[in-house]
$ cat structure_18.txt   # compact mmCIF, C-alpha atoms
# COMPACT_ATOMS: atom_id res chain seq x y z
CA MET A 145 -16.42 14.59 -0.25
CA SER A 146 -14.73 17.82 -1.27
CA ASN A 147 -15.85 19.93 -4.20
CA CYS A 148 -12.42 19.83 -5.84
CA VAL A 149 -10.18 16.81 -6.37
CA ASP A 150 -6.47 17.29 -7.05
CA PHE A 151 -4.22 14.68 -8.63
CA ARG A 152 -0.59 14.30 -9.68
CA TRP A 153 1.46 11.51 -11.23
CA ALA A 154 4.53 10.67 -13.25
CA PRO A 155 3.33 8.87 -16.41
CA SER A 156 4.49 5.37 -17.28
CA PRO A 157 4.09 3.16 -20.36
CA ALA A 158 1.52 1.09 -18.42
CA ASP A 159 -0.78 4.14 -18.33
CA TRP A 160 -0.67 4.36 -22.11
CA ARG A 161 -1.24 0.66 -22.53
CA ALA A 162 -4.30 0.73 -20.25
CA SER A 163 -5.71 3.66 -22.19
CA LEU A 164 -5.10 2.01 -25.57
CA ARG A 165 -6.61 -1.28 -24.45
CA ALA A 166 -9.71 0.48 -23.15
CA MET A 167 -10.27 2.60 -26.28
CA VAL A 168 -8.89 0.61 -29.23
CA PRO A 169 -10.25 -2.92 -29.76
CA MET A 170 -7.15 -3.97 -31.73
CA PHE A 171 -4.93 -3.39 -28.68
CA LYS A 172 -7.41 -5.11 -26.38
CA TRP A 173 -7.65 -8.31 -28.42
CA ALA A 174 -4.14 -8.54 -29.92
CA PRO A 175 -2.61 -10.57 -27.05
CA TRP A 176 -5.47 -13.08 -27.20
CA PHE A 177 -5.20 -13.36 -30.99
CA ALA A 178 -1.44 -13.95 -30.65
CA LEU A 179 -2.05 -16.68 -28.07
CA VAL A 180 -4.63 -18.48 -30.23
CA LEU A 181 -2.35 -18.25 -33.28
CA ALA A 182 0.56 -19.65 -31.26
CA VAL A 183 -1.55 -22.56 -30.00
CA PHE A 184 -2.73 -23.44 -33.53
CA SER A 185 0.84 -23.19 -34.79
CA LEU A 186 2.08 -25.52 -32.05
CA VAL A 187 -0.66 -28.01 -32.89
CA LEU A 188 0.46 -27.91 -36.53
CA LEU A 189 4.10 -28.26 -35.53
CA LEU A 190 3.62 -31.18 -33.18
CA GLY A 191 0.62 -32.95 -34.66
CA PHE A 192 1.00 -32.95 -38.42
CA GLU A 193 3.71 -33.95 -40.83
CA ASP A 194 5.04 -31.57 -43.48
CA THR A 195 3.67 -28.44 -41.77
CA LEU A 196 6.96 -27.12 -40.41
CA PRO A 197 7.09 -23.96 -42.61
CA VAL A 198 3.45 -23.06 -41.89
CA ALA A 199 3.83 -23.73 -38.16
CA LEU A 200 7.03 -21.67 -37.91
CA PHE A 201 5.43 -18.83 -39.87
CA GLY A 202 2.45 -18.89 -37.48
CA LEU A 203 4.73 -18.82 -34.43
CA VAL A 204 6.75 -15.91 -35.80
CA CYS A 205 3.54 -14.00 -36.56
CA ALA A 206 2.20 -14.74 -33.06
CA LEU A 207 5.41 -13.36 -31.54
CA VAL A 208 5.25 -10.22 -33.68
CA ILE A 209 1.59 -9.63 -32.80
CA GLY A 210 2.18 -10.31 -29.11
CA PHE A 211 5.17 -8.01 -28.76
CA MET A 212 4.20 -5.28 -31.23
CA GLU A 213 1.93 -3.33 -28.87
CA PRO A 214 4.16 -3.26 -25.76
CA VAL A 215 7.26 -2.41 -27.81
CA ALA A 216 5.42 0.33 -29.74
CA VAL A 217 4.10 1.88 -26.51
CA TRP A 218 7.51 1.72 -24.85
CA TRP A 219 9.24 3.24 -27.91
CA ARG A 220 6.69 6.06 -28.20
CA PHE A 221 6.93 6.76 -24.47
CA THR A 222 10.72 6.90 -24.39
CA SER A 223 11.10 8.86 -27.64
CA ASP A 224 8.88 11.80 -26.65
CA GLU A 225 10.08 13.89 -23.70
CA MET A 226 6.68 15.59 -23.25
CA ILE A 227 4.86 12.30 -22.69
CA SER A 228 6.97 11.37 -19.67
CA ARG A 229 6.64 14.69 -17.80
CA THR A 230 4.78 14.89 -14.49
CA VAL A 231 1.08 15.61 -14.87
CA THR A 232 -0.90 17.64 -12.36
CA GLY A 233 -4.57 18.40 -12.43
CA SER A 234 -7.83 18.95 -10.67
CA ALA A 235 -11.51 18.40 -11.21
CA ASP A 236 -14.56 20.07 -9.76
CA ALA A 237 -18.24 20.56 -10.60
CA ARG A 238 -17.31 22.93 -13.43
CA SER A 239 -14.46 21.24 -15.33
CA PHE A 240 -11.49 18.90 -15.57
CA ARG A 241 -8.03 20.53 -15.69
CA MET A 242 -4.64 19.04 -16.52
CA ALA A 243 -1.14 20.47 -16.86
CA VAL A 244 1.93 18.71 -18.24
CA GLY A 245 4.98 20.37 -16.71
CA ASN A 246 4.92 24.06 -17.53
CA ALA A 247 4.29 23.49 -21.24
CA VAL A 248 0.69 22.34 -21.66
CA ARG A 249 -2.32 23.42 -19.64
CA GLU A 250 -5.81 22.38 -20.61
CA GLU A 251 -9.25 22.87 -19.13
CA ILE A 252 -12.07 20.70 -20.42
CA VAL A 253 -15.68 21.27 -19.44
CA TRP A 254 -17.52 18.07 -18.61
CA GLU A 255 -19.73 18.34 -21.71
CA GLU A 256 -16.63 17.79 -23.88
CA LEU A 257 -16.07 14.36 -22.33
CA PRO A 258 -18.63 11.97 -23.84
CA GLY A 259 -17.68 8.89 -21.83
CA TRP A 260 -15.27 7.22 -19.46
CA THR A 261 -14.03 3.77 -18.49
CA GLU A 262 -12.32 2.53 -15.36
CA THR A 263 -9.54 -0.01 -15.80
CA ARG A 264 -7.47 -1.78 -13.16
CA GLN A 265 -4.86 0.98 -13.49
CA GLY A 266 -7.10 4.04 -13.58
CA PHE A 267 -9.63 6.13 -15.45
CA VAL A 268 -9.75 6.60 -19.23
CA LEU A 269 -11.73 9.65 -20.36
CA GLU A 270 -12.95 9.88 -23.95
CA THR A 271 -12.67 13.29 -25.62
CA LEU A 272 -14.41 15.00 -28.51
CA ASP A 273 -11.09 16.39 -29.73
CA GLU A 274 -9.98 14.89 -33.04
CA GLY A 275 -6.29 15.04 -32.06
CA ALA A 276 -6.60 12.95 -28.90
CA THR A 277 -9.02 10.12 -28.36
CA SER A 278 -8.62 9.79 -24.61
CA LEU A 279 -7.06 11.09 -21.42
CA SER A 280 -5.77 8.74 -18.77
CA VAL A 281 -5.70 9.36 -15.01
CA PRO A 282 -4.18 6.45 -13.05
CA HIS A 283 -5.44 5.50 -9.60
CA ARG A 284 -2.02 6.27 -8.14
CA ALA A 285 -2.50 9.95 -9.08
CA PHE A 286 -4.78 10.52 -6.09
CA ALA A 287 -3.47 11.25 -2.60
CA SER A 288 -6.15 9.18 -0.86
CA ASP A 289 -8.97 6.72 -1.47
CA GLU A 290 -11.39 9.54 -0.63
CA ASP A 291 -10.00 11.62 -3.51
CA LEU A 292 -10.31 8.64 -5.85
CA THR A 293 -13.94 8.11 -4.80
CA SER A 294 -14.67 11.83 -5.19
CA PHE A 295 -13.23 11.81 -8.72
CA ARG A 296 -15.29 8.75 -9.65
CA SER A 297 -18.40 10.51 -8.27
CA LEU A 298 -17.67 13.61 -10.36
CA LEU A 299 -17.39 11.44 -13.47
CA GLU A 300 -20.66 9.66 -12.74
CA GLU A 301 -22.46 12.92 -11.97
CA HIS A 302 -21.26 14.94 -14.96
CA ILE A 303 -20.62 12.32 -17.67
CA GLY A 304 -22.74 9.35 -16.63
CA PRO A 305 -21.99 5.75 -15.75
CA ALA A 306 -18.79 4.09 -16.86
CA LYS A 307 -18.83 2.26 -20.18
$ encode --input "structure_18.txt" --output "structure tokens"
Amino acid sequence: MSNCVDFRWAPSPADWRASLRAMVPMFKWAPWFALVLAVFSLVLLLGFEDTLPVALFGLVCALVIGFMEPVAVWWRFTSDEMISRTVTGSADARSFRMAVGNAVREEIVWEELPGWTETRQGFVLETLDEGATSLSVPHRAFASDEDLTSFRSLLEEHIGPAK
């Protein structure tokens, strides 16, 4: 394994969704809540008399809850030019560095990252900064599986095991 791992990716709404679902319980459980509400509403609609208004209200609410998160993420992603810029970065034994285009460059020492989680899409790093709750680095950002494994090892060594 090398001492420094480089990464680069073009962000997508799926990166944001993975980060939100890993860090915010409401986003993680909203699709399941919408599904349960829809099932109960269908049971009311099909199984009981005089429950049409309640059942329709439940179905509308289930649709709103189910589509609210993906639509909000997509809207936020497409409405902010900075969010969709290519991200480059590197990590080594000393720190984690990221740059968004030529506008934002940030170096974070490992002690400022209290925890991390690995999702199917990538890594979500918690921060101590009040303005941002997490940083997301997708698996596709790495040039090789060796780089991905090296990054995971750096996280385990300097932050601890995944949550």
$ residues_around --input "structure_18.txt" --residues "Gly259 of chain A" --least-positions-apart "6" --cutoff "8 Å" --atoms "all atoms listed in the file" --output "list in words"
Leu269, Glu270, Thr271, Ile303, Gly304, Ala306 and Lys307 of chain A
$ write_last_selection --input "structure_18.txt" --atoms "C-alpha atoms" --output "mmCIF file, keeping the file's coordinate frame"
data_model
loop_
_atom_site.group_PDB
_atom_site.id
_atom_site.type_symbol
_atom_site.label_atom_id
_atom_site.label_comp_id
_atom_site.auth_asym_id
_atom_site.auth_seq_id
_atom_site.Cartn_x
_atom_site.Cartn_y
_atom_site.Cartn_z
ATOM 1 C CA LEU A 269 -11.730 9.650 -20.360
ATOM 2 C CA GLU A 270 -12.950 9.880 -23.950
ATOM 3 C CA THR A 271 -12.670 13.290 -25.620
ATOM 4 C CA ILE A 303 -20.620 12.320 -17.670
ATOM 5 C CA GLY A 304 -22.740 9.350 -16.630
ATOM 6 C CA ALA A 306 -18.790 4.090 -16.860
ATOM 7 C CA LYS A 307 -18.830 2.260 -20.180
#
$ atom_distance --input "structure_18.txt" --atom1 "atom CA of Arg220 of chain A" --atom2 "atom CA of Pro157 of chain A"
8.8 Å
$ closest_residue --input "structure_18.txt" --among "A:Glu213, A:Glu193, A:Glu301, A:Glu290" --to "Ala178 of chain A" --atoms "only C-alpha atoms"
A:Glu213
$ residues_around --input "structure_18.txt" --residues "Leu186 of chain A" --least-positions-apart "4" --cutoff "9 Å" --atoms "all atoms listed in the file" --output "list in words"
Leu181, Ala182, Leu190, Gly191, Ala199, Leu200, Gly202 and Leu203 of chain A
$ residues_around --input "structure_18.txt" --residues "Ser156 of chain A" --least-positions-apart "5" --cutoff "12 Å" --atoms "all atoms listed in the file" --output "ChimeraX atom specification"
/A:161-163,217-222,227-231,265,280-282,284-285
$ decode --input "structure_18.txt" --residues "segment 211-242 of chain A" --atoms "N, CA, C and O atoms" --output "short mmCIF file (atom, residue, chain, number, x, y, z; two decimals), in the first residue's frame"
data_model
loop_
_atom_site.label_atom_id
_atom_site.label_comp_id
_atom_site.auth_asym_id
_atom_site.auth_seq_id
_atom_site.Cartn_x
_atom_site.Cartn_y
_atom_site.Cartn_z
N PHE A 211 -41.32 10.55 -2.10
CA PHE A 211 -40.64 11.32 -3.14
C PHE A 211 -39.98 12.60 -2.64
O PHE A 211 -39.23 13.23 -3.38
N MET A 212 -40.24 12.99 -1.41
CA MET A 212 -39.71 14.25 -0.89
C MET A 212 -38.17 14.25 -0.87
O MET A 212 -37.54 15.19 -1.34
N GLU A 213 -37.57 13.21 -0.35
CA GLU A 213 -36.11 13.16 -0.23
C GLU A 213 -35.40 13.13 -1.59
O GLU A 213 -34.52 13.95 -1.84
N PRO A 214 -35.76 12.24 -2.52
CA PRO A 214 -35.05 12.25 -3.80
C PRO A 214 -35.24 13.55 -4.58
O PRO A 214 -34.30 14.05 -5.21
N VAL A 215 -36.43 14.12 -4.53
CA VAL A 215 -36.68 15.38 -5.24
C VAL A 215 -35.90 16.52 -4.59
O VAL A 215 -35.29 17.34 -5.28
N ALA A 216 -35.86 16.56 -3.26
CA ALA A 216 -35.11 17.62 -2.56
C ALA A 216 -33.62 17.52 -2.86
O ALA A 216 -32.96 18.54 -3.10
N VAL A 217 -33.08 16.32 -2.87
CA VAL A 217 -31.65 16.14 -3.17
C VAL A 217 -31.37 16.54 -4.61
O VAL A 217 -30.40 17.26 -4.89
N TRP A 218 -32.21 16.10 -5.54
CA TRP A 218 -32.01 16.45 -6.95
C TRP A 218 -32.09 17.97 -7.13
O TRP A 218 -31.26 18.56 -7.81
N TRP A 219 -33.08 18.62 -6.52
CA TRP A 219 -33.24 20.07 -6.67
C TRP A 219 -32.04 20.81 -6.10
O TRP A 219 -31.51 21.73 -6.72
N ARG A 220 -31.59 20.41 -4.92
CA ARG A 220 -30.43 21.06 -4.30
C ARG A 220 -29.19 20.86 -5.16
O ARG A 220 -28.39 21.76 -5.34
N PHE A 221 -29.02 19.68 -5.69
CA PHE A 221 -27.86 19.36 -6.51
C PHE A 221 -27.84 20.17 -7.81
O PHE A 221 -26.81 20.67 -8.22
N THR A 222 -28.99 20.30 -8.45
CA THR A 222 -29.03 21.01 -9.72
C THR A 222 -29.08 22.53 -9.56
O THR A 222 -28.75 23.26 -10.50
N SER A 223 -29.46 23.02 -8.39
CA SER A 223 -29.58 24.46 -8.20
C SER A 223 -28.29 25.12 -7.72
O SER A 223 -28.20 26.34 -7.70
N ASP A 224 -27.30 24.34 -7.31
CA ASP A 224 -26.05 24.90 -6.80
C ASP A 224 -24.89 24.43 -7.68
O ASP A 224 -24.54 23.25 -7.69
N GLU A 225 -24.30 25.35 -8.42
CA GLU A 225 -23.23 25.01 -9.36
C GLU A 225 -22.01 24.43 -8.65
O GLU A 225 -21.35 23.54 -9.16
N MET A 226 -21.71 24.90 -7.45
CA MET A 226 -20.52 24.44 -6.72
C MET A 226 -20.62 22.96 -6.35
O MET A 226 -19.62 22.25 -6.37
N ILE A 227 -21.81 22.50 -6.03
CA ILE A 227 -22.01 21.12 -5.59
C ILE A 227 -21.67 20.13 -6.70
O ILE A 227 -21.18 19.04 -6.42
N SER A 228 -21.90 20.49 -7.94
CA SER A 228 -21.70 19.55 -9.03
C SER A 228 -20.31 19.62 -9.68
O SER A 228 -20.07 18.93 -10.66
N ARG A 229 -19.41 20.42 -9.13
CA ARG A 229 -18.05 20.50 -9.68
C ARG A 229 -17.22 19.28 -9.31
O ARG A 229 -17.41 18.67 -8.27
N THR A 230 -16.25 18.97 -10.17
CA THR A 230 -15.36 17.83 -9.93
C THR A 230 -14.56 18.03 -8.65
O THR A 230 -14.06 19.12 -8.38
N VAL A 231 -14.46 16.96 -7.88
CA VAL A 231 -13.75 16.98 -6.61
C VAL A 231 -12.47 16.16 -6.77
O VAL A 231 -12.50 15.06 -7.31
N THR A 232 -11.37 16.71 -6.31
CA THR A 232 -10.11 15.98 -6.27
C THR A 232 -9.62 16.00 -4.83
O THR A 232 -9.95 16.89 -4.06
N GLY A 233 -8.82 15.02 -4.49
CA GLY A 233 -8.31 14.98 -3.14
C GLY A 233 -7.25 13.93 -2.95
O GLY A 233 -6.90 13.19 -3.87
N SER A 234 -6.74 13.90 -1.74
CA SER A 234 -5.76 12.90 -1.36
C SER A 234 -5.80 12.72 0.14
O SER A 234 -6.34 13.55 0.87
N ALA A 235 -5.25 11.61 0.58
CA ALA A 235 -5.18 11.31 2.00
C ALA A 235 -3.87 10.60 2.27
O ALA A 235 -3.40 9.81 1.44
N ASP A 236 -3.27 10.92 3.39
CA ASP A 236 -2.05 10.25 3.81
C ASP A 236 -2.06 10.12 5.32
O ASP A 236 -3.08 10.38 5.96
N ALA A 237 -0.95 9.75 5.91
CA ALA A 237 -0.89 9.54 7.36
C ALA A 237 -1.13 10.82 8.15
O ALA A 237 -1.49 10.78 9.31
N ARG A 238 -0.96 11.97 7.51
CA ARG A 238 -1.08 13.25 8.20
C ARG A 238 -2.49 13.83 8.14
O ARG A 238 -3.01 14.32 9.14
N SER A 239 -3.13 13.80 6.96
CA SER A 239 -4.42 14.47 6.81
C SER A 239 -5.19 13.98 5.59
O SER A 239 -4.71 13.17 4.81
N PHE A 240 -6.39 14.56 5.48
CA PHE A 240 -7.32 14.31 4.38
C PHE A 240 -7.52 15.64 3.67
O PHE A 240 -7.85 16.64 4.31
N ARG A 241 -7.30 15.69 2.35
CA ARG A 241 -7.39 16.93 1.60
C ARG A 241 -8.39 16.79 0.46
O ARG A 241 -8.42 15.76 -0.21
N MET A 242 -9.19 17.86 0.27
CA MET A 242 -10.16 17.88 -0.82
C MET A 242 -10.14 19.25 -1.47
O MET A 242 -9.94 20.26 -0.80
#
